[in-house]
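Here's the structure, in structure tokens; my notes come after.
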Amino acid sequence: MADFYIGSRNGWDTITKAAGGRVSKLNGKMTDTLAKVAMKQGIKKTQLGKKLEFYGVDKQQLDRLVDPATAFMLSLGEGVEFRPLITVDGAKMAAGLNKVNNQYGGRMDYITHQKYLADLFKAVEDSVFKINEDTETRKKTYSNPGYKVGDFIGHSEGYNSRTHFPAVITKITDAGYQYRVYRPCFNIDTNNPKNWAEKHTIIKDATGWGDHWTGEVKVPFLANKHLFLLEPKTYTKRWTKRNTRAWTTPEDKVVYTKYWDHCN
């Protein structure tokens, strides 16, 4: 067992560089126990995918690691953010472990084992010290790029990415927006989309191209709005990097499709 341990979210390479010499990484069940103690002190086991790891060091290495100048120099020279979070007194921890282990036998039933783990936690707890607060890092969030209630957007239909129905935004929140979809109340002859578009005069300005499996039909929405049904179902989307104002005016709205269920 090492003289001391230091807990950090930095990797072995960074810890070695900061310590000025080789360090050993602590593995096994003891890591989990120390992580639980650290959690009680406000340090999470994992934050944004980075686990809290513990490394064995000697007194000289520990002094370098906890010195604020070390973190400053790494940031200045290497562009690396180094932040030690926890220190562990190895000798004190070993004494606590030995005391608890001497009280229990080799084989334990479930209840005894749970008591053993609780006693182990207590024995280790007073050898663990938080030296820094964790960095408050949050996942990047995105905000409204300019949508407002009443704007039209596209609604992609499942696996068929070429099918887009017009939709209207009904609510804006800090997290995202809600919208309802306009469903077409007519069927397209998918065997010959181009021929269907040319002959279907009830629908204004429809255009089509290609034959079965390869073609598609475009139907201007505003000119044919009376042939669509606004569904009562509400969809919700969060703001993301991909939220863009691709349809800026209602006149641009068209339906791209080969398949749909007509309205009853």
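Lettering and numbering for the structure tokens are positional, with chains as A, B, ... in the shown order, residues counted from 1 in each chain, and ligands counted from 1 in the shown order.
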Using only C-alpha atoms, which protein or nucleic acid residues come within 10 Å of His226 of chain A? Drop anything in the same chain fewer than 5 positions from it, and give the result as a JSON list (two decimals) with C-alpha atoms, in the first residue's frame.
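Contents of part_26.json, freshly written:
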[["chain", "number", "residue", "atom", "x", "y", "z"],
["A", 184, "PRO", "CA", -52.40, 15.08, -46.13],
["A", 185, "CYS", "CA", -55.92, 13.82, -46.83],
["A", 221, "PHE", "CA", -48.76, 23.40, -48.60]]
Which residues in segment 54-254 of chain A does DSSP call strand (DSSP E or B)? List them as a CSV table (one decimal) with C-alpha atoms, in the first residue's frame.
chain,number,residue,atom,x,y,z
A,54,PHE,CA,-6.9,7.2,-7.3
A,55,TYR,CA,-3.1,7.1,-7.7
A,56,GLY,CA,-0.5,5.9,-5.1
A,57,VAL,CA,2.2,8.5,-4.4
A,84,PRO,CA,-6.5,17.2,-7.5
A,85,LEU,CA,-9.7,16.6,-5.6
A,86,ILE,CA,-9.0,14.1,-2.8
A,87,THR,CA,-6.0,13.0,-0.8
A,88,VAL,CA,-5.9,9.7,1.2
A,89,ASP,CA,-3.5,8.9,4.1
A,128,VAL,CA,-10.0,10.7,3.1
A,129,PHE,CA,-9.7,14.5,2.7
A,130,LYS,CA,-11.2,16.8,0.0
A,152,PHE,CA,-44.0,26.3,-39.9
A,153,ILE,CA,-41.4,23.6,-39.7
A,154,GLY,CA,-40.8,20.2,-41.3
A,155,HIS,CA,-41.7,16.9,-39.7
A,156,SER,CA,-39.7,13.9,-40.9
A,157,GLU,CA,-41.6,10.7,-41.0
A,160,ASN,CA,-38.5,7.4,-44.8
A,161,SER,CA,-36.3,10.5,-44.5
A,162,ARG,CA,-37.7,11.7,-47.9
A,163,THR,CA,-41.1,12.2,-46.4
A,164,HIS,CA,-41.7,15.6,-44.8
A,165,PHE,CA,-45.0,16.9,-43.5
A,166,PRO,CA,-45.6,20.5,-42.7
A,167,ALA,CA,-46.0,21.3,-39.0
A,168,VAL,CA,-46.7,24.4,-36.9
A,169,ILE,CA,-45.1,25.4,-33.6
A,170,THR,CA,-47.6,25.7,-30.8
A,171,LYS,CA,-45.4,26.4,-27.8
A,172,ILE,CA,-41.9,27.7,-27.0
A,176,GLY,CA,-37.3,23.5,-26.7
A,177,TYR,CA,-40.6,23.7,-28.5
A,178,GLN,CA,-43.9,21.9,-29.2
A,179,TYR,CA,-45.6,21.4,-32.6
A,180,ARG,CA,-48.5,19.8,-34.4
A,181,VAL,CA,-48.4,18.1,-37.8
A,182,TYR,CA,-50.5,18.6,-40.8
A,183,ARG,CA,-51.4,15.2,-42.4
A,184,PRO,CA,-52.4,15.1,-46.1
A,207,THR,CA,-44.9,18.3,-59.3
A,208,GLY,CA,-43.5,14.8,-59.5
A,209,TRP,CA,-40.7,12.9,-61.0
A,216,GLU,CA,-41.4,11.6,-55.3
A,217,VAL,CA,-44.1,14.2,-55.3
A,218,LYS,CA,-43.9,17.8,-54.0
A,219,VAL,CA,-47.2,19.5,-53.0
A,220,PRO,CA,-47.2,23.2,-52.0
A,228,PHE,CA,-54.5,18.7,-44.9
A,229,LEU,CA,-55.7,17.9,-41.4
A,230,LEU,CA,-54.0,19.3,-38.3
A,235,TYR,CA,-44.7,16.6,-30.5
A,236,THR,CA,-41.9,18.0,-28.4
A,237,LYS,CA,-38.3,18.7,-29.4
A,238,ARG,CA,-35.4,20.1,-27.4
A,254,VAL,CA,-43.9,21.8,-49.4
I'd like the contact shell of Glu81 of chain A - 12 Å cut-off, only C-alpha atoms, skipping same-chain residues fewer than 4 positions apart - returned as a compact mmCIF listing (two decimals) with N, CA and C atoms, in the first residue's frame.
# COMPACT_ATOMS: atom_id res chain seq x y z
N SER A 8 -8.25 12.16 -8.59
CA SER A 8 -8.39 13.19 -9.62
C SER A 8 -9.11 12.59 -10.82
N ARG A 9 -9.62 13.45 -11.68
CA ARG A 9 -10.22 13.00 -12.94
C ARG A 9 -9.19 13.01 -14.06
N ASN A 10 -7.99 13.42 -13.76
CA ASN A 10 -6.93 13.41 -14.76
C ASN A 10 -6.41 11.99 -14.96
N GLY A 11 -5.87 11.73 -16.14
CA GLY A 11 -5.34 10.42 -16.46
C GLY A 11 -3.95 10.19 -15.87
N THR A 14 -1.01 12.52 -17.03
CA THR A 14 -1.01 13.85 -16.43
C THR A 14 -0.55 13.80 -14.98
N ILE A 15 -1.03 12.81 -14.22
CA ILE A 15 -0.63 12.67 -12.82
C ILE A 15 0.86 12.42 -12.71
N ALA A 18 2.66 15.65 -13.41
CA ALA A 18 2.49 16.59 -12.31
C ALA A 18 3.29 16.17 -11.08
N PRO A 68 -0.55 24.48 -5.61
CA PRO A 68 -1.25 25.19 -6.68
C PRO A 68 -0.34 25.59 -7.83
N THR A 70 1.85 23.81 -9.26
CA THR A 70 1.97 22.70 -10.22
C THR A 70 0.85 22.77 -11.25
N ALA A 71 -0.38 22.98 -10.78
CA ALA A 71 -1.52 23.09 -11.69
C ALA A 71 -1.35 24.30 -12.61
N PHE A 72 -0.83 25.40 -12.06
CA PHE A 72 -0.63 26.61 -12.85
C PHE A 72 0.39 26.38 -13.95
N MET A 73 1.50 25.73 -13.63
CA MET A 73 2.55 25.49 -14.62
C MET A 73 2.09 24.52 -15.71
N LEU A 74 1.31 23.51 -15.33
CA LEU A 74 0.79 22.58 -16.34
C LEU A 74 -0.16 23.29 -17.29
N SER A 75 -0.98 24.15 -16.75
CA SER A 75 -1.91 24.90 -17.58
C SER A 75 -1.16 25.86 -18.51
N LEU A 76 -0.13 26.50 -17.97
CA LEU A 76 0.64 27.48 -18.74
C LEU A 76 1.50 26.82 -19.81
N GLY A 77 2.20 25.74 -19.43
CA GLY A 77 3.15 25.12 -20.35
C GLY A 77 2.56 24.06 -21.25
N THR A 135 -14.78 20.85 -10.54
CA THR A 135 -15.15 21.90 -11.49
C THR A 135 -16.61 21.72 -11.87
Do you have, as CSV, the list of residues of segment 35-82 of chain A lying at most 12 Å from segment 104-122 of chain A, each with its nearest atom pair and that distance in Å to one decimal, counting only C-alpha atoms and ordered by chain then number?
residue,atom,partner,partner_atom,distance
A:Ala35,CA,A:Phe121,CA,10.3
A:Lys36,CA,A:Phe121,CA,8.1
A:Val37,CA,A:Phe121,CA,7.0
A:Ala38,CA,A:Phe121,CA,10.8
A:Met39,CA,A:Phe121,CA,11.8
A:Lys40,CA,A:Phe121,CA,10.7
Residues of segment 15-155 of chain A classed as alpha helix (DSSP H) by DSSP on the backbone are to be reported as a PyMOL selection string.
chain A and resi 15-19+29-40+59-66+68-77+90-101+110-125
Mind pulling up the distance from atom CA of Val100 of chain A to atom CA of Gln61 of chain A?
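Going from atom CA of Gln61 of chain A over to atom CA of Val100 of chain A, I get 29.0 Å.
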Choose the residue, out of A:Asn195, A:Thr234, A:Gln41, A:Thr240, that has the smallest atom-to-atom separation from Ala175 of chain A; count only C-alpha atoms.
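Result for the nearest residue to Ala175 of chain A: A:Thr240.
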Grab the atom CA of Leu227 of chain A to atom CA of Lys204 of chain A distance for me, in Å with one decimal place.
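That distance, rounded to one decimal, is 10.5 Å.
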